[in-house]
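K.L.:
My questions will all concern the structure given below.
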Amino acid sequence: MIIVDHHKNNKMNIFADYYQKDLERFFKQIVPRGYSSTRIGEEKANGKSDYLLLQNSLAYSEDVQNSVGKLKKYCKPRSRIVVVGYSFLWKPILDLATFFGLRKKDPREPNWLSQQDINNIFQLEGCEEVKRGRRLLLPIPLGSFSPLINNFIGQLPLINKLCLVTYQIFRLKPQPKHYSVSIIIPARNEAGNIKKLLKEIPNLGKKTEVIFIEGHSTDNTYAVIQKEIMNAKKFKTLLCKQKNKGKADAVRLGFQKAKNDILIILDADLTVPPSDLIKFYRALSENHCDFANGSRLIYPVPKQAMRSLNYLGNKLFSLTFTFLLGQKIKDTLCGTKVLFRKDYLEIEKNRKTFGELDPFGDFDLLFGATKLNLKIIEVPVRYRERKYGKSNINRIIHGWLLLKMVAVAAKKIKFI
């Protein structure tokens, strides 16, 4: 099935050149480097592509659900379908432009599909939405004012609702599958938690390996891990000593050592129950998402488990990230994050896009997952009070670094 874009050759449309250039820029941004793409309606679709790009084409389909169903034959198991359309709010403006001869009349009345209409149809055909958005507030070239209006002002909350172009990204929902699991545990000054930690970690999937990365502890954490893993018979264990500093570096070293399909980060402080990892594994193995992020802000939090300043910071980062990433993120800084190893390898390739500022690695992974258009779901966890040791977070220094990461993400992801 090839869908035709009726606006491709519309020479009279004064919006056409600017609209088309913006769309080209959007497609270039949305398709990660090295991934294949096919424009349905403009190219002869031979074989399967990583990305299928639909430019206002469902608006002219006689049977939209049937058209969506036929798209799947051009998809790989992890392909993304990008659907671009016009906002119905712009219909009177477009009709007026047509009346005054500034826009070529449509050969027939198009289907005016809302984003919810499109989402429902894709769900009926076994697909699910990864994210959605709007762009192009003013589709007229105004020199240096155009980037300010469209790339910045047009992305602001509420104003964004007035944009001409709507877009949605979908993925095929695959069947559940069993995977092997690598659990990475950064540990610094956590000697009193190791024994209980290993006792509470469940076996997951086809096989489980646990990788400890010990990071310059001033207590006997390294010796305790050495002793305890000798008694851990239910899964394979590995202990590595960190050469550099910081949690982000520890996590990356653990990911480098990991051999299994799914990568799980688990903090050694026992504030998140290791038994909850079963929920995270199910989220990926049952294909509810590509990336599972823990959320400590669903259930009541013990007063000593998270200080008021930390709680406020998490709330502010939550609002900011939901806006920047286009997916609901309630708790950006929960240490428990789960993703497929093959996706992490892609994130690693593109790390230079966002730089090396992130001291914990949480933002780095969330930014990378968004850039790859991965579906992110939050898994609620009960946050427990730390019983041994103290937090390794410096609220002022690390808070400033995280704010700098937010600024980088805004420039690289949202205001583009």
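Starting from 1 in every chain, residues are counted up; chains themselves are A, B, ... following the order of the structure tokens, and ligands are numbered from 1 as listed.
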Pick out each residue of range 106-219 of chain A that DSSP on the backbone tags as strand (DSSP E or B); I need them as a VMD selection string.

P.N.:
chain A and resid 127 to 135 165 to 172 181 to 187 208 to 214

K.L.:
Might you pull out every residue within 10 Å of Leu23 in chain A, with only C-alpha atoms counted and same-chain residues fewer than 3 positions away left off, and present them as an NGL selection string?

P.N.:
:A and (17-20 or 26-29 or 55 or 84 or 135-136 or 165)

K.L.:
List the spatial neighbours of Pro77 in chain A as a PyMOL selection string - criterion: any atom at most 12 Å away, only C-alpha atoms, same-chain residues fewer than 6 positions off excluded.

P.N.:
chain A and resi 48-51+127+171-175+287

K.L.:
Just the selected residues (C-alpha atoms), exported as a PDB file, in the first residue's frame, please.

P.N.:
```pdb
ATOM      1  CA  LYS A  48      11.287  -3.067   5.675  1.00  0.00           C
ATOM      2  CA  SER A  49      12.530   0.130   7.328  1.00  0.00           C
ATOM      3  CA  ASP A  50      13.362   1.265  10.850  1.00  0.00           C
ATOM      4  CA  TYR A  51      11.158   4.347  10.385  1.00  0.00           C
ATOM      5  CA  CYS A 127       0.451  -0.546  17.773  1.00  0.00           C
ATOM      6  CA  ARG A 171       5.708   1.281  17.764  1.00  0.00           C
ATOM      7  CA  LEU A 172       4.466  -2.221  17.042  1.00  0.00           C
ATOM      8  CA  LYS A 173       3.626  -4.035  20.249  1.00  0.00           C
ATOM      9  CA  PRO A 174       5.462  -7.374  20.102  1.00  0.00           C
ATOM     10  CA  GLN A 175       4.590 -10.609  21.891  1.00  0.00           C
ATOM     11  CA  ASN A 287       6.580  -5.470  26.034  1.00  0.00           C
TER      12      ASN A 287
END
```

K.L.:
Find the residues around Asn56 in chain A up to 6 Å (only C-alpha atoms counted), leave out those fewer than 2 positions away in its own chain, and share them as a PyMOL selection string.

P.N.:
chain A and resi 58-59+84-85

K.L.:
Next, dump the selected residues to file, keeping only N, CA and C atoms, as a PDB file, in the first residue's frame.

P.N.:
```pdb
ATOM      1  N   LEU A  58      -2.798  10.044   6.025  1.00  0.00           N
ATOM      2  CA  LEU A  58      -4.009   9.383   6.525  1.00  0.00           C
ATOM      3  C   LEU A  58      -5.242  10.247   6.292  1.00  0.00           C
ATOM      4  N   ALA A  59      -5.043  11.545   6.104  1.00  0.00           N
ATOM      5  CA  ALA A  59      -6.169  12.451   5.857  1.00  0.00           C
ATOM      6  C   ALA A  59      -6.891  12.123   4.560  1.00  0.00           C
ATOM      7  N   VAL A  84       2.391  12.465  10.661  1.00  0.00           N
ATOM      8  CA  VAL A  84       2.302  13.930  10.680  1.00  0.00           C
ATOM      9  C   VAL A  84       0.984  14.358  10.056  1.00  0.00           C
ATOM     10  N   GLY A  85       0.318  15.313  10.683  1.00  0.00           N
ATOM     11  CA  GLY A  85      -0.943  15.804  10.143  1.00  0.00           C
ATOM     12  C   GLY A  85      -1.139  17.280  10.463  1.00  0.00           C
TER      13      GLY A  85
END
```

K.L.:
Mind the document's chain letters and residue numbers, and return as a VMD selection string the residues of range 290-389 of chain A that DSSP labels alpha helix (DSSP H).

P.N.:
chain A and resid 308 to 325 341 to 349 362 to 371

K.L.:
For Arg341 in chain A, which residue out of A:Ile264, A:Val379, A:Val64, A:Cys289 is the nearest one, using only C-alpha atoms?

P.N.:
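Looking only at the distances to Arg341 in chain A, the closest residue turns out to be A:Ile264.
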
K.L.:
Can you pull out every residue within 12 Å of Val210 in chain A, counting only C-alpha atoms, but drop anything in the same chain fewer than 5 positions away, and send it as a PyMOL selection string?

P.N.:
chain A and resi 180-186+197-198+201-204+225+229+232-240+254-255+257-260+262-266+268+274

K.L.:
Export N, CA and C atoms of the chosen residues as an mmCIF file, in the first residue's frame?

P.N.:
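File result-v9.cif, as written:
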```cif
data_model
loop_
_atom_site.group_PDB
_atom_site.id
_atom_site.type_symbol
_atom_site.label_atom_id
_atom_site.label_comp_id
_atom_site.auth_asym_id
_atom_site.auth_seq_id
_atom_site.Cartn_x
_atom_site.Cartn_y
_atom_site.Cartn_z
ATOM 1 N N SER A 180 17.356 -12.805 29.304
ATOM 2 C CA SER A 180 18.358 -12.907 30.360
ATOM 3 C C SER A 180 18.592 -11.511 30.939
ATOM 4 N N VAL A 181 19.064 -11.453 32.196
ATOM 5 C CA VAL A 181 19.117 -10.190 32.930
ATOM 6 C C VAL A 181 20.479 -9.967 33.580
ATOM 7 N N SER A 182 20.969 -8.735 33.479
ATOM 8 C CA SER A 182 22.173 -8.302 34.205
ATOM 9 C C SER A 182 21.769 -7.185 35.164
ATOM 10 N N ILE A 183 22.047 -7.356 36.456
ATOM 11 C CA ILE A 183 21.742 -6.353 37.473
ATOM 12 C C ILE A 183 23.042 -5.672 37.882
ATOM 13 N N ILE A 184 23.121 -4.368 37.666
ATOM 14 C CA ILE A 184 24.338 -3.608 37.974
ATOM 15 C C ILE A 184 24.108 -2.840 39.277
ATOM 16 N N ILE A 185 25.010 -3.035 40.237
ATOM 17 C CA ILE A 185 24.869 -2.418 41.557
ATOM 18 C C ILE A 185 26.097 -1.576 41.876
ATOM 19 N N PRO A 186 26.029 -0.256 41.705
ATOM 20 C CA PRO A 186 27.121 0.610 42.168
ATOM 21 C C PRO A 186 27.116 0.628 43.699
ATOM 22 N N LEU A 197 20.996 -7.282 50.706
ATOM 23 C CA LEU A 197 20.765 -6.998 49.295
ATOM 24 C C LEU A 197 20.789 -8.276 48.464
ATOM 25 N N LEU A 198 21.834 -9.071 48.631
ATOM 26 C CA LEU A 198 21.951 -10.319 47.867
ATOM 27 C C LEU A 198 20.847 -11.305 48.221
ATOM 28 N N ILE A 201 17.514 -10.069 46.293
ATOM 29 C CA ILE A 201 17.471 -10.005 44.826
ATOM 30 C C ILE A 201 16.851 -11.288 44.270
ATOM 31 N N PRO A 202 15.798 -11.171 43.459
ATOM 32 C CA PRO A 202 15.160 -12.379 42.895
ATOM 33 C C PRO A 202 15.880 -12.861 41.631
ATOM 34 N N ASN A 203 15.684 -14.114 41.293
ATOM 35 C CA ASN A 203 16.103 -14.621 39.986
ATOM 36 C C ASN A 203 15.126 -14.110 38.944
ATOM 37 N N LEU A 204 15.635 -13.640 37.828
ATOM 38 C CA LEU A 204 14.790 -13.047 36.795
ATOM 39 C C LEU A 204 15.076 -13.659 35.435
ATOM 40 N N ILE A 225 31.637 -7.480 49.958
ATOM 41 C CA ILE A 225 31.085 -8.022 48.705
ATOM 42 C C ILE A 225 31.823 -9.303 48.324
ATOM 43 N N ILE A 229 29.498 -12.692 47.962
ATOM 44 C CA ILE A 229 29.219 -13.306 46.658
ATOM 45 C C ILE A 229 29.703 -14.758 46.608
ATOM 46 N N ALA A 232 26.598 -16.570 47.359
ATOM 47 C CA ALA A 232 25.441 -16.323 46.482
ATOM 48 C C ALA A 232 25.433 -17.353 45.356
ATOM 49 N N LYS A 233 24.726 -18.431 45.569
ATOM 50 C CA LYS A 233 24.729 -19.545 44.613
ATOM 51 C C LYS A 233 23.592 -19.487 43.597
ATOM 52 N N LYS A 234 22.598 -18.609 43.842
ATOM 53 C CA LYS A 234 21.409 -18.663 42.975
ATOM 54 C C LYS A 234 21.602 -17.933 41.648
ATOM 55 N N PHE A 235 22.670 -17.122 41.530
ATOM 56 C CA PHE A 235 22.962 -16.477 40.253
ATOM 57 C C PHE A 235 24.454 -16.197 40.155
ATOM 58 N N LYS A 236 24.890 -15.910 38.938
ATOM 59 C CA LYS A 236 26.290 -15.564 38.681
ATOM 60 C C LYS A 236 26.575 -14.176 39.247
ATOM 61 N N THR A 237 27.748 -14.002 39.853
ATOM 62 C CA THR A 237 28.113 -12.702 40.414
ATOM 63 C C THR A 237 29.485 -12.269 39.923
ATOM 64 N N LEU A 238 29.686 -10.957 39.895
ATOM 65 C CA LEU A 238 30.961 -10.391 39.461
ATOM 66 C C LEU A 238 31.216 -9.128 40.283
ATOM 67 N N LEU A 239 32.463 -8.922 40.697
ATOM 68 C CA LEU A 239 32.850 -7.729 41.452
ATOM 69 C C LEU A 239 33.964 -7.006 40.712
ATOM 70 N N CYS A 240 33.766 -5.708 40.458
ATOM 71 C CA CYS A 240 34.780 -4.882 39.806
ATOM 72 C C CYS A 240 35.058 -3.662 40.671
ATOM 73 N N GLY A 254 29.647 -1.148 34.688
ATOM 74 C CA GLY A 254 28.806 -2.339 34.856
ATOM 75 C C GLY A 254 28.134 -2.763 33.570
ATOM 76 N N PHE A 255 27.608 -1.783 32.809
ATOM 77 C CA PHE A 255 26.988 -2.087 31.522
ATOM 78 C C PHE A 255 28.011 -2.673 30.550
ATOM 79 N N LYS A 257 30.514 -4.539 31.345
ATOM 80 C CA LYS A 257 30.788 -5.927 31.758
ATOM 81 C C LYS A 257 29.594 -6.849 31.534
ATOM 82 N N ALA A 258 28.394 -6.291 31.443
ATOM 83 C CA ALA A 258 27.172 -7.082 31.337
ATOM 84 C C ALA A 258 27.094 -7.829 30.014
ATOM 85 N N LYS A 259 26.526 -9.025 30.063
ATOM 86 C CA LYS A 259 26.431 -9.877 28.870
ATOM 87 C C LYS A 259 24.993 -10.200 28.481
ATOM 88 N N ASN A 260 24.030 -9.886 29.328
ATOM 89 C CA ASN A 260 22.664 -10.360 29.115
ATOM 90 C C ASN A 260 21.775 -9.336 28.405
ATOM 91 N N ILE A 262 18.739 -7.781 29.181
ATOM 92 C CA ILE A 262 18.148 -6.649 29.892
ATOM 93 C C ILE A 262 19.119 -6.164 30.960
ATOM 94 N N LEU A 263 19.294 -4.837 31.025
ATOM 95 C CA LEU A 263 20.185 -4.224 32.008
ATOM 96 C C LEU A 263 19.351 -3.529 33.079
ATOM 97 N N ILE A 264 19.661 -3.822 34.343
ATOM 98 C CA ILE A 264 18.948 -3.224 35.471
ATOM 99 C C ILE A 264 19.954 -2.516 36.376
ATOM 100 N N ILE A 265 19.651 -1.266 36.729
ATOM 101 C CA ILE A 265 20.452 -0.547 37.724
ATOM 102 C C ILE A 265 19.724 -0.640 39.061
ATOM 103 N N LEU A 266 20.434 -1.095 40.087
ATOM 104 C CA LEU A 266 19.865 -1.183 41.437
ATOM 105 C C LEU A 266 20.826 -0.526 42.416
ATOM 106 N N ALA A 268 22.588 0.234 45.926
ATOM 107 C CA ALA A 268 22.948 -0.690 47.014
ATOM 108 C C ALA A 268 22.389 -0.255 48.362
ATOM 109 N N PRO A 274 14.679 -4.773 46.491
ATOM 110 C CA PRO A 274 15.115 -5.581 45.345
ATOM 111 C C PRO A 274 14.012 -6.477 44.783
#
```
